[in-house]
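K.L.:
Just passing along the structure, written as structure tokens.
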Amino acid sequence: MRRVVTGSDEPRASVWGVAGAVLVVALAVSACLPPPPPPKPPVLAAACAHTLVASIPGSIASSSLAETSGIAASRRVDGVWWVHNDSGDTARVFAIGNDGRDLGEYALASASAVDWEDIGAGPGPSAGVSYLYLADIGDNAQTRPSVQVYRVAEPLVDPTVSPGPPQTLNGVATLTFTYPDGPHDAEGFLVDPSTGQLFVVTKDLVGGVARVYRAPANLAGGTTTALTNVATVSLGMWQGVTGTDITPAGDVLALRSYLAVFLFPRTSGQTVGQAFAQPSCAGAAPPLGSATSASEPQGEAIGFSRNGRGYVTVSEGAHPSLHQFVAP
């Protein structure tokens, strides 16, 4: 028996044919499109959206910290931050809590302090060990033929225990650096958590041009290394860099000045130099001055939290406030 095709069957077949063709084309196009970009890290997304939540969790309690110049979150335990003074102090570092309470004082054996300007925390020569890096890189007159960074294994601090007497950290490695283009004043230092490479960031107070120099990872103590210039960042007039940091995941870098905070994204596979070549987002920053506790008269330090969702800034001065900015 022969099947009779009615008038309604031909359009139905045509519709299904067109739909199938459209589906094939859509699948082919989607296969050719690049994957969507990964989401921004929370602290960067909040900074770009101007939604960082500001607070003052406390102030630095220790009277020995009168010129706080650097701050870094412990890589070993939550609730502990490492801070140090600017020039004029001995070679020592302090542990403080999230609210600024004193958690201990630690001298660095065999180290000296000409002009300590920043501190970093990150990997080093022994796998699985967290190290502190104290950057003696200040040079206001730009006359030092070399600068030093002191590396020492990070001690374990219990933030729930009252501090004991001052301690001494042994096994300090002295890393000496020279610039390829003559002396520079610098106040920024960071350790790449992915590679262990070390970075010094110079300070140009008036012009706001920061030069980023790199040193290899896992250098032997007692050696002298010529730094390599890997980036130049123009931040604008009066935006001299006074502190830097990188998230523990290595996906956001921060530069701060007396006036502002700049956050730079770093995608997977990028070097630190490449990250600094990208546009930045303006992070939240305390206003310059001393009118209120929300101000910073001389903002020197910035450090990302251990979970990377926010950062803390602090100024020089007696018992300065800790200013915290966190992604909601």
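Each chain in the structure tokens gets a letter, A, B and so on, in the order shown; residues start at 1 in every chain, and ligands are counted from 1 in the order they appear.
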Please provide the set of residues having any atom within 6 Å of Phe325 in chain A, restricted to only C-alpha atoms, with same-chain residues fewer than 4 positions apart removed, written as a ChimeraX atom specification.
P.N.:
/A:52-54,310-311
K.L.:
May I have the selected residues written with N, CA and C atoms, as a PDB file, in the first residue's frame?
P.N.:
ATOM      1  N   LEU A  52      34.414  46.966  48.809  1.00  0.00           N
ATOM      2  CA  LEU A  52      35.208  46.504  49.940  1.00  0.00           C
ATOM      3  C   LEU A  52      34.630  47.056  51.245  1.00  0.00           C
ATOM      4  N   VAL A  53      34.596  46.221  52.263  1.00  0.00           N
ATOM      5  CA  VAL A  53      34.053  46.601  53.566  1.00  0.00           C
ATOM      6  C   VAL A  53      35.202  47.034  54.471  1.00  0.00           C
ATOM      7  N   ALA A  54      35.144  48.275  54.939  1.00  0.00           N
ATOM      8  CA  ALA A  54      36.210  48.834  55.765  1.00  0.00           C
ATOM      9  C   ALA A  54      35.881  48.692  57.247  1.00  0.00           C
ATOM     10  N   GLY A 310      41.065  39.956  51.675  1.00  0.00           N
ATOM     11  CA  GLY A 310      41.155  41.360  52.051  1.00  0.00           C
ATOM     12  C   GLY A 310      42.584  41.741  52.351  1.00  0.00           C
ATOM     13  N   TYR A 311      42.750  42.972  52.831  1.00  0.00           N
ATOM     14  CA  TYR A 311      44.086  43.435  53.178  1.00  0.00           C
ATOM     15  C   TYR A 311      44.003  44.423  54.336  1.00  0.00           C
TER      16      TYR A 311
END
K.L.:
Extract, using only C-alpha atoms, all DNA, RNA and protein residues at most 7 Å from range 131-145 of chain A, discarding same-chain residues fewer than 4 positions from it, and format them as a list of chain:residue names.
P.N.:
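The filter keeps A:Ala113, A:Val114, A:Asp115, A:Trp116, A:Glu117, A:Asp118, A:Ile119, A:Gly120, A:Ala121, A:Gly122, A:Pro123, A:Gly124, A:Val149, A:Tyr150, A:Arg151, A:Val152, A:Ala153, A:Glu154, A:Thr178, A:Pro183, A:His184, A:Asp185, A:Ala186, A:Glu187, A:Phe189.
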K.L.:
Okay, now the selection with N, CA and C atoms, as a CSV table (one decimal), in the first residue's frame?
P.N.:
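Resulting contents of part_10.csv:
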chain,number,residue,atom,x,y,z
A,113,ALA,N,70.3,46.6,60.7
A,113,ALA,CA,69.1,47.3,60.2
A,113,ALA,C,69.5,48.8,59.8
A,114,VAL,N,69.7,49.0,58.5
A,114,VAL,CA,70.0,50.3,58.0
A,114,VAL,C,68.7,51.1,57.8
A,115,ASP,N,67.9,50.5,56.9
A,115,ASP,CA,66.6,51.1,56.7
A,115,ASP,C,65.6,50.0,56.2
A,116,TRP,N,65.1,49.3,57.2
A,116,TRP,CA,64.1,48.3,56.8
A,116,TRP,C,62.8,48.9,56.3
A,117,GLU,N,62.3,48.5,55.2
A,117,GLU,CA,61.1,49.2,54.6
A,117,GLU,C,59.9,48.3,54.4
A,118,ASP,N,60.2,47.0,54.2
A,118,ASP,CA,59.0,46.1,53.9
A,118,ASP,C,59.4,44.7,54.4
A,119,ILE,N,58.3,43.9,54.4
A,119,ILE,CA,58.5,42.5,54.9
A,119,ILE,C,57.6,41.6,53.9
A,120,GLY,N,58.1,40.4,53.6
A,120,GLY,CA,57.4,39.5,52.8
A,120,GLY,C,57.4,38.1,53.5
A,121,ALA,N,56.4,37.3,53.2
A,121,ALA,CA,56.3,35.9,53.7
A,121,ALA,C,56.1,35.0,52.5
A,122,GLY,N,56.8,33.9,52.5
A,122,GLY,CA,56.6,33.0,51.4
A,122,GLY,C,57.6,31.8,51.4
A,123,PRO,N,57.7,31.1,50.3
A,123,PRO,CA,58.5,30.0,50.2
A,123,PRO,C,60.0,30.3,50.2
A,124,GLY,N,60.8,29.3,50.4
A,124,GLY,CA,62.3,29.5,50.3
A,124,GLY,C,63.0,28.2,50.0
A,149,VAL,N,68.4,41.8,52.0
A,149,VAL,CA,67.2,41.2,52.4
A,149,VAL,C,67.6,40.1,53.3
A,150,TYR,N,67.0,40.0,54.5
A,150,TYR,CA,67.3,38.9,55.4
A,150,TYR,C,66.2,37.9,55.4
A,151,ARG,N,66.5,36.6,55.2
A,151,ARG,CA,65.6,35.5,55.2
A,151,ARG,C,65.8,34.6,56.4
A,152,VAL,N,64.6,34.3,57.0
A,152,VAL,CA,64.7,33.4,58.1
A,152,VAL,C,63.4,32.6,58.2
A,153,ALA,N,63.5,31.3,58.7
A,153,ALA,CA,62.3,30.5,58.8
A,153,ALA,C,61.3,31.2,59.7
A,154,GLU,N,60.0,31.2,59.3
A,154,GLU,CA,59.0,31.8,60.1
A,154,GLU,C,58.7,31.0,61.4
A,178,THR,N,72.3,44.2,44.1
A,178,THR,CA,72.7,45.4,43.4
A,178,THR,C,71.7,45.7,42.3
A,183,PRO,N,71.9,53.1,42.3
A,183,PRO,CA,71.1,53.0,43.5
A,183,PRO,C,69.7,53.6,43.3
A,184,HIS,N,68.8,53.0,44.1
A,184,HIS,CA,67.4,53.5,44.1
A,184,HIS,C,66.9,53.5,45.5
A,185,ASP,N,66.0,54.4,45.8
A,185,ASP,CA,65.2,54.3,47.1
A,185,ASP,C,64.1,53.3,46.8
A,186,ALA,N,63.8,52.4,47.7
A,186,ALA,CA,62.8,51.4,47.5
A,186,ALA,C,62.1,51.2,48.9
A,187,GLU,N,60.8,51.0,48.8
A,187,GLU,CA,60.0,50.7,50.0
A,187,GLU,C,59.1,49.5,49.8
A,189,PHE,N,58.5,45.4,48.7
A,189,PHE,CA,59.1,44.0,48.5
A,189,PHE,C,58.0,43.0,48.6
K.L.:
Apply DSSP to the structure's backbone, then extract all residues of range 35-237 of chain A labelled alpha helix (DSSP H) and return them as JSON, numbers by chain.
P.N.:
{"A": [42, 43, 44, 45, 46, 47, 48, 49]}
K.L.:
Nearest residue to Arg76 in chain A out of A:Val200, A:Cys48, A:Ala318, A:Leu156, using only C-alpha atoms?
P.N.:
A:Leu156
K.L.:
Of the candidates A:Met237, A:Ala217, A:Val272, A:Ala173, which one gets nearest to Leu259 in chain A if we count only C-alpha atoms?
P.N.:
A:Met237
K.L.:
Would you list, as a PyMOL selection string, the residues of range 25-208 of chain A that end up in strand (DSSP E) under DSSP run on this structure's backbone?
P.N.:
chain A and resi 53-59+68-73+80-85+92-97+102-108+116-122+131-136+147-153+167-169+173-178+186-191+198-202
K.L.:
Taking only C-alpha atoms into account, which of A:Asp181, A:Asp251, A:Asp102, A:Asp245 comes nearest Val43 in chain A?
P.N.:
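Using only C-alpha atoms, the shortest distance to Val43 in chain A belongs to A:Asp251.
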K.L.:
Near Gly273 in chain A, counting only C-alpha atoms, which residues have an atom at most 6 Å away, once you skip same-chain residues fewer than 2 positions from it, shown as a ChimeraX atom specification?
P.N.:
/A:230-231,271,275-276
K.L.:
Given the selection you just returned, output its residues as a file containing all heavy atoms, formatted as a compact mmCIF listing (two decimals), in the first residue's frame.
P.N.:
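Saved to part09.txt:
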# COMPACT_ATOMS: atom_id res chain seq x y z
N VAL A 230 62.04 44.15 35.57
CA VAL A 230 61.03 43.39 34.83
C VAL A 230 59.77 44.18 34.54
O VAL A 230 58.92 43.72 33.77
CB VAL A 230 60.66 42.09 35.59
CG1 VAL A 230 61.86 41.16 35.68
CG2 VAL A 230 60.10 42.40 36.97
N ALA A 231 59.62 45.36 35.15
CA ALA A 231 58.41 46.15 34.90
C ALA A 231 58.65 47.58 35.36
O ALA A 231 59.45 47.84 36.27
CB ALA A 231 57.20 45.56 35.62
N THR A 271 53.73 36.05 34.65
CA THR A 271 54.79 36.43 35.57
C THR A 271 54.35 37.67 36.35
O THR A 271 53.38 38.34 36.00
CB THR A 271 56.08 36.75 34.81
OG1 THR A 271 55.87 37.93 34.00
CG2 THR A 271 56.50 35.60 33.91
N ALA A 275 51.98 40.83 35.12
CA ALA A 275 50.82 41.28 35.88
C ALA A 275 50.86 42.79 36.11
O ALA A 275 49.83 43.47 36.01
CB ALA A 275 50.76 40.55 37.22
N PHE A 276 52.03 43.33 36.37
CA PHE A 276 52.14 44.77 36.60
C PHE A 276 51.95 45.58 35.32
O PHE A 276 51.81 46.80 35.38
CB PHE A 276 53.49 45.11 37.24
CG PHE A 276 53.51 44.94 38.74
CD1 PHE A 276 54.50 44.19 39.35
CD2 PHE A 276 52.55 45.53 39.53
CE1 PHE A 276 54.54 44.04 40.73
CE2 PHE A 276 52.57 45.39 40.92
CZ PHE A 276 53.57 44.64 41.52
K.L.:
At a cut-off of 10 Å, using only C-alpha atoms, what residues contact Ser295 in chain A? Leave out same-chain residues fewer than 5 positions from it and give the result as a PyMOL selection string.
P.N.:
chain A and resi 285-290+314-315+320-321+323
K.L.:
Extract, using only C-alpha atoms, all DNA, RNA and protein residues at most 8 Å from Arg101 in chain A, discarding same-chain residues fewer than 2 positions from it, and format them as a ChimeraX atom specification.
P.N.:
/A:59-62,96-99,103
K.L.:
Under the rule that only C-alpha atoms are counted, which of A:Val161, A:Leu175, A:Ala291, A:Val252 is the nearest residue to Thr223 in chain A?
P.N.:
A:Leu175
